[in-house]
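Data file: entry06.cif. Format and content: mmCIF, C-alpha atoms.
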```cif
data_query
#
loop_
_atom_site.label_atom_id
_atom_site.label_comp_id
_atom_site.auth_asym_id
_atom_site.auth_seq_id
_atom_site.Cartn_x
_atom_site.Cartn_y
_atom_site.Cartn_z
CA MET A 16 -75.33 -38.90 20.82
CA GLN A 17 -78.50 -37.52 22.39
CA GLY A 18 -78.41 -34.49 20.09
CA GLY A 19 -79.12 -36.84 17.19
CA ARG A 20 -82.06 -38.73 18.79
CA SER A 21 -85.69 -38.21 17.92
CA GLY A 22 -87.86 -36.89 20.75
CA THR A 23 -90.45 -39.67 20.24
CA SER A 24 -88.68 -42.89 19.29
CA GLY A 25 -85.19 -42.26 20.68
CA GLU A 26 -83.76 -43.15 17.29
CA ASP A 27 -80.11 -42.16 16.71
CA ARG A 28 -80.46 -40.29 13.44
CA ILE A 29 -76.81 -39.26 13.17
CA SER A 30 -75.63 -42.86 13.30
CA MET A 31 -78.03 -43.68 10.47
CA LEU A 32 -76.14 -41.38 8.11
CA PRO A 33 -73.98 -43.01 5.40
CA GLU A 34 -70.40 -43.83 6.43
CA SER A 35 -69.03 -41.47 3.81
CA LEU A 36 -70.89 -38.56 5.41
CA LEU A 37 -69.83 -39.57 8.93
CA CYS A 38 -66.20 -39.66 7.78
CA HIS A 39 -66.60 -36.22 6.25
CA ILE A 40 -67.92 -34.89 9.56
CA LEU A 41 -64.94 -36.33 11.43
CA THR A 42 -62.48 -34.62 9.08
CA PHE A 43 -63.31 -31.36 10.88
CA LEU A 44 -62.14 -32.77 14.23
CA PRO A 45 -58.62 -33.36 15.57
CA THR A 46 -57.72 -37.04 15.38
CA LYS A 47 -57.83 -37.32 19.19
CA GLU A 48 -61.49 -36.25 19.21
CA SER A 49 -62.23 -38.42 16.21
CA VAL A 50 -60.87 -41.50 18.00
CA ARG A 51 -63.09 -40.78 21.01
CA THR A 52 -66.20 -41.28 18.89
CA SER A 53 -65.34 -44.98 18.69
CA VAL A 54 -66.90 -45.57 22.15
CA LEU A 55 -70.30 -44.15 21.17
CA SER A 56 -71.62 -47.37 19.66
CA SER A 57 -70.58 -50.35 17.57
CA ARG A 58 -71.46 -48.36 14.45
CA TRP A 59 -68.83 -45.75 15.37
CA ARG A 60 -66.09 -48.16 16.47
CA ASP A 61 -64.02 -48.03 13.27
CA ILE A 62 -65.39 -44.93 11.54
CA TRP A 63 -62.39 -42.78 12.54
CA LEU A 64 -60.05 -45.19 10.75
CA TRP A 65 -61.73 -44.30 7.47
CA VAL A 66 -61.00 -40.59 7.83
CA PRO A 67 -58.34 -39.78 5.17
CA ARG A 68 -56.71 -37.17 7.39
CA LEU A 69 -54.54 -37.11 10.51
CA ASP A 70 -54.63 -34.05 12.80
CA LEU A 71 -52.19 -34.78 15.62
CA ASP A 72 -50.91 -32.84 18.62
CA GLN A 73 -47.52 -33.92 19.90
CA SER A 74 -48.53 -33.07 23.48
CA ASP A 75 -51.15 -35.84 23.37
CA PHE A 76 -48.37 -38.45 23.27
CA SER A 77 -46.27 -39.33 26.30
CA GLU A 78 -43.14 -39.69 24.17
CA GLU A 79 -42.19 -38.39 20.76
CA ASN A 80 -41.68 -41.86 19.28
CA THR A 81 -45.24 -42.88 20.23
CA CYS A 82 -46.53 -40.23 17.82
CA VAL A 83 -44.49 -41.81 15.03
CA SER A 84 -45.70 -45.28 16.04
CA PHE A 85 -49.32 -44.11 15.91
CA ILE A 86 -48.81 -42.91 12.34
CA ASP A 87 -47.23 -46.23 11.36
CA LYS A 88 -50.13 -48.22 12.81
CA PHE A 89 -52.70 -46.01 11.07
CA LEU A 90 -50.96 -46.40 7.70
CA ASN A 91 -50.55 -50.16 8.14
CA PHE A 92 -54.24 -50.59 8.93
CA ARG A 93 -55.68 -48.32 6.28
CA GLY A 94 -53.12 -48.56 3.53
CA GLU A 95 -50.41 -46.10 2.63
CA SER A 96 -52.28 -44.57 -0.30
CA TYR A 97 -55.38 -43.72 1.77
CA LEU A 98 -54.05 -40.68 3.67
CA ARG A 99 -54.68 -37.33 1.97
CA GLY A 100 -54.24 -34.76 4.76
CA PHE A 101 -51.70 -34.44 7.57
CA LYS A 102 -51.41 -31.81 10.32
CA LEU A 103 -49.01 -31.82 13.26
CA ASN A 104 -49.14 -29.42 16.21
CA THR A 105 -45.81 -29.37 18.00
CA ASP A 106 -43.79 -27.39 20.55
CA ARG A 107 -40.40 -28.36 19.19
CA ASN A 108 -37.50 -25.90 19.61
CA ASP A 109 -34.57 -26.09 17.20
CA ASP A 110 -32.23 -25.98 20.22
CA ASP A 111 -33.65 -29.26 21.51
CA GLU A 112 -31.26 -32.18 21.28
CA GLY A 113 -32.04 -35.38 19.43
CA PRO A 114 -33.83 -36.11 16.15
CA SER A 115 -36.76 -33.97 15.11
CA VAL A 116 -40.17 -35.62 15.54
CA GLU A 117 -41.45 -33.38 12.74
CA GLU A 118 -39.01 -34.86 10.25
CA ALA A 119 -39.65 -38.39 11.54
CA CYS A 120 -43.40 -37.94 11.02
CA LEU A 121 -42.83 -36.22 7.72
CA MET A 122 -40.70 -39.09 6.47
CA ARG A 123 -43.54 -41.50 7.22
CA VAL A 124 -46.21 -39.64 5.29
CA VAL A 125 -44.29 -38.17 2.35
CA ASN A 126 -42.53 -41.37 1.35
CA LYS A 127 -45.62 -43.57 1.53
CA CYS A 128 -48.69 -41.38 0.95
CA LYS A 129 -50.11 -39.09 -1.69
CA ILE A 130 -50.52 -36.12 0.64
CA GLN A 131 -52.63 -33.24 -0.67
CA HIS A 132 -52.90 -31.07 2.46
CA PHE A 133 -49.92 -30.73 4.78
CA GLU A 134 -49.56 -28.49 7.86
CA ILE A 135 -47.07 -28.06 10.69
CA LYS A 136 -47.97 -25.63 13.47
CA ASN A 137 -45.22 -25.00 16.02
CA TYR A 138 -46.06 -23.28 19.31
CA PHE A 139 -42.65 -22.87 20.90
CA GLY A 140 -39.40 -21.72 19.30
CA PHE A 141 -38.60 -22.88 15.78
CA CYS A 142 -38.34 -26.34 14.28
CA TYR A 143 -36.01 -27.09 11.38
CA LEU A 144 -37.49 -28.52 8.20
CA GLU A 145 -35.67 -29.93 5.19
CA MET A 146 -37.21 -28.49 2.03
CA SER A 147 -36.21 -31.65 0.18
CA LEU A 148 -38.85 -33.47 2.24
CA VAL A 149 -41.47 -30.92 1.27
CA PHE A 150 -40.61 -31.15 -2.40
CA SER A 151 -40.86 -34.94 -2.26
CA MET A 152 -44.64 -34.39 -2.01
CA CYS A 153 -44.58 -32.21 -5.11
CA ASP A 154 -46.75 -34.41 -7.35
CA THR A 155 -49.86 -34.26 -5.15
CA LEU A 156 -49.52 -31.38 -2.67
CA VAL A 157 -52.42 -28.89 -2.95
CA SER A 158 -52.13 -27.01 0.35
CA LEU A 159 -48.99 -26.30 2.42
CA LYS A 160 -49.19 -24.46 5.77
CA LEU A 161 -46.16 -23.96 8.00
CA SER A 162 -45.84 -22.08 11.28
CA PHE A 163 -42.58 -21.16 13.09
CA VAL A 164 -40.45 -23.33 10.84
CA MET A 165 -36.89 -22.81 9.63
CA MET A 166 -36.57 -23.76 5.96
CA SER A 167 -33.36 -25.26 4.62
CA ASP A 168 -31.95 -24.98 1.11
CA TYR A 169 -33.88 -26.21 -1.91
CA ASP A 170 -33.52 -28.10 -5.15
CA GLN A 171 -34.12 -25.67 -8.02
CA SER A 172 -35.16 -28.51 -10.31
CA CYS A 173 -38.22 -29.32 -8.14
CA SER A 174 -41.73 -28.12 -8.85
CA LEU A 175 -45.05 -28.11 -6.98
CA PRO A 176 -47.44 -28.49 -9.93
CA CYS A 177 -50.66 -28.85 -7.87
CA LEU A 178 -50.00 -26.40 -5.01
CA LYS A 179 -52.80 -23.81 -4.74
CA THR A 180 -52.58 -22.66 -1.11
CA LEU A 181 -49.36 -21.61 0.64
CA HIS A 182 -49.49 -20.14 4.17
CA LEU A 183 -46.21 -19.32 5.91
CA GLU A 184 -46.47 -17.95 9.45
CA LYS A 185 -43.17 -16.69 10.90
CA VAL A 186 -41.23 -19.01 8.61
CA VAL A 187 -37.48 -18.36 8.45
CA PHE A 188 -35.83 -18.47 5.04
CA GLN A 189 -32.05 -18.63 4.77
CA SER A 190 -31.92 -16.33 1.73
CA ASP A 191 -33.92 -14.37 -0.84
CA GLU A 192 -33.51 -17.23 -3.30
CA VAL A 193 -35.12 -19.85 -1.04
CA ALA A 194 -38.30 -17.79 -0.59
CA GLU A 195 -38.49 -16.90 -4.28
CA ALA A 196 -37.96 -20.51 -5.36
CA LEU A 197 -40.80 -21.84 -3.20
CA ILE A 198 -43.23 -19.33 -4.73
CA SER A 199 -42.09 -19.52 -8.34
CA SER A 200 -42.03 -23.34 -8.33
CA SER A 201 -45.82 -23.38 -7.84
CA PRO A 202 -47.35 -22.70 -11.29
CA VAL A 203 -51.03 -22.89 -10.15
CA LEU A 204 -50.68 -21.06 -6.81
CA LYS A 205 -53.84 -19.08 -5.90
CA ASP A 206 -53.57 -18.06 -2.24
CA LEU A 207 -50.33 -16.90 -0.59
CA LYS A 208 -50.05 -15.68 3.03
CA MET A 209 -46.72 -14.75 4.58
CA SER A 210 -46.04 -13.49 8.10
CA GLN A 211 -42.44 -12.39 8.37
CA SER A 212 -40.23 -13.58 11.21
CA GLU A 213 -37.80 -11.24 12.94
CA TYR A 214 -35.13 -13.88 12.33
CA ASP A 215 -35.72 -14.00 8.58
CA SER A 216 -32.76 -13.33 6.27
CA VAL A 217 -34.83 -12.23 3.26
CA GLN A 218 -34.03 -8.66 2.17
CA VAL A 219 -35.77 -8.63 -1.20
CA LEU A 220 -39.00 -10.61 -1.50
CA ARG A 221 -39.86 -11.38 -5.12
CA VAL A 222 -43.39 -12.63 -5.67
CA ARG A 223 -43.58 -13.83 -9.26
CA SER A 224 -46.70 -15.80 -10.12
CA LYS A 225 -49.01 -15.69 -13.13
CA SER A 226 -51.73 -17.60 -11.28
CA LEU A 227 -51.76 -15.89 -7.86
CA LYS A 228 -55.17 -14.42 -6.88
CA SER A 229 -54.72 -13.44 -3.22
CA PHE A 230 -51.62 -12.26 -1.34
CA THR A 231 -51.34 -11.31 2.34
CA LEU A 232 -48.03 -10.06 3.75
CA GLU A 233 -47.57 -9.23 7.42
CA ARG A 234 -44.38 -7.72 8.68
CA ALA A 235 -42.83 -8.43 12.08
CA ASP A 236 -43.62 -6.03 14.92
CA PRO A 237 -41.70 -2.82 14.09
CA ASP A 238 -41.59 -1.80 17.76
CA ARG A 239 -39.71 -4.90 18.90
CA VAL A 240 -37.33 -5.93 16.15
CA GLU A 241 -35.26 -4.66 13.28
CA ASN A 242 -36.57 -6.22 10.11
CA SER A 243 -34.30 -7.33 7.29
CA LEU A 244 -36.90 -7.15 4.54
CA GLU A 245 -36.68 -3.82 2.71
CA THR A 246 -38.00 -4.42 -0.80
CA VAL A 247 -41.03 -6.24 -2.17
CA VAL A 248 -41.35 -6.90 -5.90
CA MET A 249 -44.78 -7.97 -7.21
CA ASP A 250 -45.12 -9.58 -10.64
CA THR A 251 -48.65 -10.98 -10.31
CA PRO A 252 -50.80 -10.15 -13.36
CA SER A 253 -53.84 -12.12 -12.08
CA LEU A 254 -53.86 -10.79 -8.50
CA GLU A 255 -57.34 -9.86 -7.20
CA TYR A 256 -56.66 -9.16 -3.51
CA LEU A 257 -53.64 -7.61 -1.77
CA ASN A 258 -53.44 -7.27 2.03
CA LEU A 259 -50.42 -5.57 3.60
CA ILE A 260 -50.26 -5.59 7.41
CA ASN A 261 -47.76 -3.37 9.25
CA TYR A 262 -46.64 -1.97 5.90
CA GLN A 263 -43.24 -0.30 6.27
CA TYR A 264 -41.15 -1.43 3.33
CA THR A 265 -38.65 1.02 1.89
CA SER A 266 -39.53 -0.03 -1.65
CA PHE A 267 -42.66 -1.70 -3.01
CA GLN A 268 -42.45 -2.37 -6.73
CA ILE A 269 -45.32 -3.54 -8.90
CA VAL A 270 -44.25 -5.04 -12.20
CA SER A 271 -47.75 -6.24 -13.11
CA MET A 272 -51.09 -6.53 -11.35
CA SER A 273 -54.76 -6.78 -12.27
CA GLU A 274 -56.60 -3.45 -12.65
CA SER A 275 -59.46 -4.78 -10.51
CA VAL A 276 -57.28 -5.72 -7.53
CA LYS A 277 -58.70 -4.96 -4.07
CA PHE A 278 -56.33 -3.38 -1.54
CA ASP A 279 -56.45 -3.79 2.24
CA ILE A 280 -53.58 -1.70 3.62
CA ASP A 281 -52.23 -0.86 7.06
CA VAL A 282 -49.38 1.67 6.79
CA VAL A 283 -47.05 1.98 9.79
CA LEU A 284 -44.61 4.75 8.90
CA LEU A 285 -45.45 8.24 7.62
CA SER A 286 -42.05 8.43 5.91
CA ILE A 287 -43.03 5.86 3.28
CA ILE A 288 -46.52 7.22 2.51
CA CYS A 289 -45.41 8.70 -0.83
CA ASN A 290 -44.22 5.29 -1.96
CA PHE A 291 -47.49 3.82 -0.77
CA LEU A 292 -49.63 6.33 -2.66
CA SER A 293 -47.66 5.84 -5.85
CA PHE A 294 -48.95 2.28 -6.32
CA VAL A 295 -52.53 2.75 -5.05
CA SER A 296 -53.41 5.94 -6.93
CA HIS A 297 -55.45 4.00 -9.53
CA VAL A 298 -56.99 1.41 -7.20
CA ARG A 299 -60.77 0.93 -7.48
CA ASP A 300 -61.46 -0.84 -4.17
CA MET A 301 -59.50 -0.06 -1.00
CA THR A 302 -59.72 -0.78 2.73
CA ILE A 303 -57.48 1.31 5.00
CA SER A 304 -56.78 1.35 8.72
CA ARG A 305 -57.17 4.38 10.99
CA ARG A 306 -53.46 5.23 10.98
CA THR A 307 -53.33 4.81 7.20
CA LEU A 308 -56.19 7.28 6.86
CA GLU A 309 -54.32 9.75 9.06
CA PHE A 310 -51.09 9.37 7.08
CA ILE A 311 -52.95 9.94 3.79
CA TYR A 312 -54.57 13.02 5.30
CA TYR A 313 -51.21 14.44 6.36
CA HIS A 314 -49.84 13.83 2.88
CA LEU A 315 -52.86 15.40 1.15
CA GLU A 316 -52.64 18.47 3.35
CA ILE A 317 -49.27 19.18 1.74
CA ASN A 318 -50.06 17.76 -1.71
CA ARG A 319 -53.65 18.73 -2.49
CA ARG A 320 -53.20 17.75 -6.15
CA SER A 321 -52.90 14.05 -5.29
CA LYS A 322 -56.06 12.24 -6.37
CA PHE A 323 -57.52 8.74 -6.33
CA TYR A 324 -59.39 9.06 -9.61
CA GLY A 325 -60.11 5.34 -9.96
CA LEU A 326 -61.33 4.77 -6.40
CA ALA A 327 -64.99 3.75 -6.39
CA ARG A 328 -65.22 1.87 -3.07
CA LEU A 329 -63.52 2.91 0.20
CA ARG A 330 -63.65 1.34 3.66
CA ALA A 331 -61.88 3.29 6.40
CA THR A 332 -61.62 3.54 10.17
CA MET A 333 -61.35 6.89 11.95
CA PHE A 334 -61.77 8.42 15.39
CA SER A 335 -65.25 9.83 15.90
CA ASN A 336 -63.64 12.67 17.84
CA SER A 337 -60.71 13.20 15.46
CA SER A 338 -59.62 16.12 13.29
CA PRO A 339 -62.69 17.79 11.72
CA ALA A 340 -60.75 18.58 8.57
CA MET A 341 -59.74 14.98 7.86
CA LEU A 342 -62.87 13.66 6.14
CA PRO A 343 -63.36 16.49 3.60
CA VAL A 344 -59.70 16.32 2.60
CA ILE A 345 -59.97 12.57 1.98
CA LEU A 346 -63.25 12.88 0.06
CA GLU A 347 -61.86 15.68 -2.08
CA ALA A 348 -59.09 13.34 -3.21
CA CYS A 349 -61.69 10.74 -4.32
CA PRO A 350 -63.78 12.56 -6.95
CA ASN A 351 -65.40 9.38 -8.32
CA LEU A 352 -66.15 7.61 -5.03
CA LYS A 353 -69.47 5.73 -5.10
CA HIS A 354 -69.44 3.52 -1.99
CA LEU A 355 -68.14 4.66 1.39
CA THR A 356 -67.93 2.61 4.59
CA LEU A 357 -66.78 4.35 7.78
CA GLU A 358 -66.05 2.69 11.09
CA LEU A 359 -66.03 5.34 13.81
CA VAL A 360 -64.12 4.51 16.97
CA TYR A 361 -63.86 6.57 20.14
CA HIS A 362 -60.52 7.34 21.80
CA PHE A 363 -60.42 9.04 25.20
CA LEU A 364 -57.06 10.70 24.46
CA VAL A 365 -58.46 12.63 21.48
CA THR A 366 -59.86 16.03 22.37
CA GLU A 367 -63.66 16.04 22.47
CA GLY A 368 -63.82 19.61 21.25
CA THR A 369 -62.80 18.57 17.72
CA SER A 370 -65.60 16.06 17.23
CA ARG A 371 -68.03 18.07 15.07
CA LEU A 372 -67.40 17.11 11.46
CA LEU A 373 -70.42 18.19 9.49
CA ASN A 374 -69.86 21.95 9.45
CA LEU A 375 -66.65 21.51 7.49
CA LEU A 376 -67.91 19.07 4.85
CA PRO A 377 -68.73 20.91 1.59
CA PRO A 378 -71.58 19.23 -0.35
CA SER A 379 -69.65 19.30 -3.62
CA LEU A 380 -67.29 16.61 -2.34
CA ILE A 381 -69.89 13.86 -2.08
CA SER A 382 -71.98 14.35 -5.22
CA SER A 383 -70.87 10.99 -6.62
CA LEU A 384 -71.76 8.87 -3.58
CA GLU A 385 -74.42 6.20 -4.07
CA SER A 386 -74.18 4.35 -0.75
CA VAL A 387 -72.79 5.12 2.70
CA GLU A 388 -72.46 2.76 5.66
CA ILE A 389 -71.40 4.01 9.08
CA GLU A 390 -70.59 1.80 12.05
CA SER A 391 -70.23 3.71 15.30
CA PRO A 392 -70.65 3.63 19.06
CA ILE A 393 -73.19 6.01 20.57
CA THR A 394 -71.20 9.12 21.50
CA ASP A 395 -71.98 11.85 24.02
CA LYS A 396 -72.18 14.50 21.32
CA ALA A 397 -74.01 12.24 18.82
CA THR A 398 -71.25 12.79 16.26
CA GLU A 399 -72.43 9.75 14.32
CA LEU A 400 -75.92 11.21 13.91
CA GLU A 401 -74.63 14.61 12.85
CA LEU A 402 -72.52 12.88 10.21
CA VAL A 403 -75.53 10.90 8.98
CA ARG A 404 -77.61 14.08 8.78
CA TYR A 405 -74.94 15.70 6.66
CA PHE A 406 -74.86 12.88 4.12
CA LEU A 407 -78.67 12.74 3.92
CA GLU A 408 -79.04 16.49 3.37
CA ASN A 409 -76.20 16.96 0.88
CA SER A 410 -75.77 13.76 -1.20
CA THR A 411 -77.60 14.28 -4.48
CA ARG A 412 -77.23 10.69 -5.75
CA LEU A 413 -77.36 8.76 -2.49
CA GLU A 414 -79.48 5.61 -2.78
CA LYS A 415 -78.90 4.02 0.62
CA LEU A 416 -77.43 5.00 3.99
CA VAL A 417 -76.97 2.42 6.75
CA LEU A 418 -76.11 3.37 10.33
CA ARG A 419 -74.92 0.49 12.53
CA LEU A 420 -74.98 1.56 16.18
CA ASN A 421 -72.76 -0.32 18.59
CA GLN A 422 -74.64 -0.45 21.88
CA SER A 423 -71.88 -2.07 23.92
CA CYS A 424 -71.45 1.22 25.80
CA LEU A 425 -74.00 2.72 28.21
CA ARG A 426 -74.54 5.95 26.27
CA LYS A 427 -77.96 6.74 24.85
CA HIS A 428 -79.22 9.37 22.44
CA LYS A 429 -81.50 12.13 23.63
CA PRO A 430 -85.23 11.25 23.43
CA GLY A 431 -86.62 11.87 19.97
CA PHE A 432 -83.19 12.36 18.34
CA LEU A 433 -83.40 9.27 16.11
CA LYS A 434 -86.97 10.11 15.11
CA GLN A 435 -85.93 13.63 14.10
CA LEU A 436 -83.06 12.15 12.10
CA ILE A 437 -85.34 9.72 10.24
CA GLU A 438 -87.74 12.54 9.41
CA SER A 439 -84.99 14.99 8.40
CA PRO A 440 -85.00 16.23 4.78
CA ARG A 441 -83.01 14.33 2.18
CA CYS A 442 -81.35 15.70 -0.91
CA SER A 443 -82.04 12.48 -2.79
CA GLY A 444 -85.72 11.53 -2.78
CA LEU A 445 -84.85 7.88 -3.53
CA CYS A 446 -82.48 7.49 -0.56
CA GLN A 447 -83.23 4.62 1.81
CA PHE A 448 -82.13 5.21 5.43
CA VAL A 449 -81.66 2.17 7.70
CA ILE A 450 -80.65 2.10 11.41
CA LEU A 451 -79.33 -1.18 12.80
CA HIS A 452 -78.47 -1.89 16.44
CA CYS A 453 -75.50 -4.26 16.76
#
```
Show me, as structure tokens, the structure contained in the file I just sent.
Amino acid sequence: MQGGRSGTSGEDRISMLPESLLCHILTFLPTKESVRTSVLSSRWRDIWLWVPRLDLDQSDFSEENTCVSFIDKFLNFRGESYLRGFKLNTDRNDDDEGPSVEEACLMRVVNKCKIQHFEIKNYFGFCYLEMSLVFSMCDTLVSLKLSFVMMSDYDQSCSLPCLKTLHLEKVVFQSDEVAEALISSSPVLKDLKMSQSEYDSVQVLRVRSKSLKSFTLERADPDRVENSLETVVMDTPSLEYLNLINYQYTSFQIVSMSESVKFDIDVVLLSIICNFLSFVSHVRDMTISRRTLEFIYYHLEINRRSKFYGLARLRATMFSNSSPAMLPVILEACPNLKHLTLELVYHFLVTEGTSRLLNLLPPSLISSLESVEIESPITDKATELELVRYFLENSTRLEKLVLRLNQSCLRKHKPGFLKQLIESPRCSGLCQFVILHC
């Protein structure tokens, strides 16, 4: 505990903290590390036993039943009602023979304790989990996180009245109804994250929640597996944040959603871009990946009448040496854009000869912009600086422009280039120009 000692008296200041604060500190450690603190001094000998949370790794026990025995001893010493959080890291495969240690541990904590935070993280294969055991914690459960778990059937009469956080990583549901029931049985759910498994049987995912604020949905790798999920139905009137990763659903239906929802979208397939644009056309705040930007550009080249009239804030990634016509086409489709953030990335396979963007950007397209932030590596042709010069010289309402230069590469600008850029004329006399080196 030398980090907590005074340089003059050698006093152990950390050990002088109240027990309640020491217990709170130990809640951020795995139980194995928490137990190790017991050898520091007599003051620390029993502190870990007062931590109302168990964070166990099955690999730390020589046999599976010793993990269960450890839980029993902890509960017997501290009292069954003391435990509030339980996490188990396991490498169980559903093909393994014998009883499941996950269910054995789960039986101990759900039947005796008022668990509020429960998590199972599986690192190998899939473990099978009875949903009836999960629902037996329904009166107190606030957070439920499952990873690589196969969910069984459910009892439709059950409810999770306190559940606010639900994270499901590669969880396998046996049917559409099982997934829908778990979501709809949580009346105060705020945060939902789902990462689809390639073995999932869900074809239509219905997300119906009046309380949901944040939803992240990641689809399985489209290059490796054939995914069963084709349709997503959103009935979430209070939703504030939607993040779709590897978006490639045939149908995405929005029954209800807040007008102020923020979108963070990564579109995989060009063939579904029309469906994608149909539900984001009135979005005010949107973050899009490089390939999404390219797909939107391809669509707008054919359908120039498509507009994002409500879009006020856009964050996008694009190649610094990409198509020179891409940026003006995108900006033209956003007539009311006020805040633009661009992350420029360099790709050696993209032709260098197409890197000059500014000559093709008509000033009329950016008259509404109030702030621009550009993050970029230093390129051979100083594309990032030419782009900055364009915005400074043509944005009539621009209040602030920030250029974040990534200096991880060995390239450098020509002597005096940055000084010339700082001293270059600006269309808006009130514009503040800032250069940051990351």
| Using all atoms listed in the file, which residue out of A:Val449, A:Leu355, A:Trp65, A:Ser335 lies closest to A:Leu402? |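 The closest residue to A:Leu402 is A:Ser335.
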| task | Run the PyMOL selection byres ((chain A and resi 184) around 9) mentally over the shown coordinates, then write out the matched residues as a ChimeraX atom specification, using the chain letters and numbers from the document. | result | /A:136,160-164,182-183,185-186,208-212
| said: As a check of understanding, name the residues that the PyMOL selection byres ((chain A and resi 42) around 9) selects in the supplied structure, as an MDAnalysis selection string. | reply: chainID A and resid 37:41 43:46 49 63 66:70
| field | Interatomic distance (Å, one decimal) between atom CA of A:Arg305 and atom CA of A:Leu400 | value |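 Calculated distance between atom CA of A:Arg305 and atom CA of A:Leu400 is 20.2 Å.
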| When you draw a straight line from atom CA of A:Thr246 to atom CA of A:Ser216, how long is it in Å? |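 So the two atoms, atom CA of A:Thr246 and atom CA of A:Ser216, lie 12.5 Å apart.
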| query | Near A:Met249, counting all atoms listed in the file, which residues have an atom at most 9 Å away, once you skip same-chain residues fewer than 4 positions from it, shown as a ChimeraX atom specification? | reply | /A:220-224,267-272
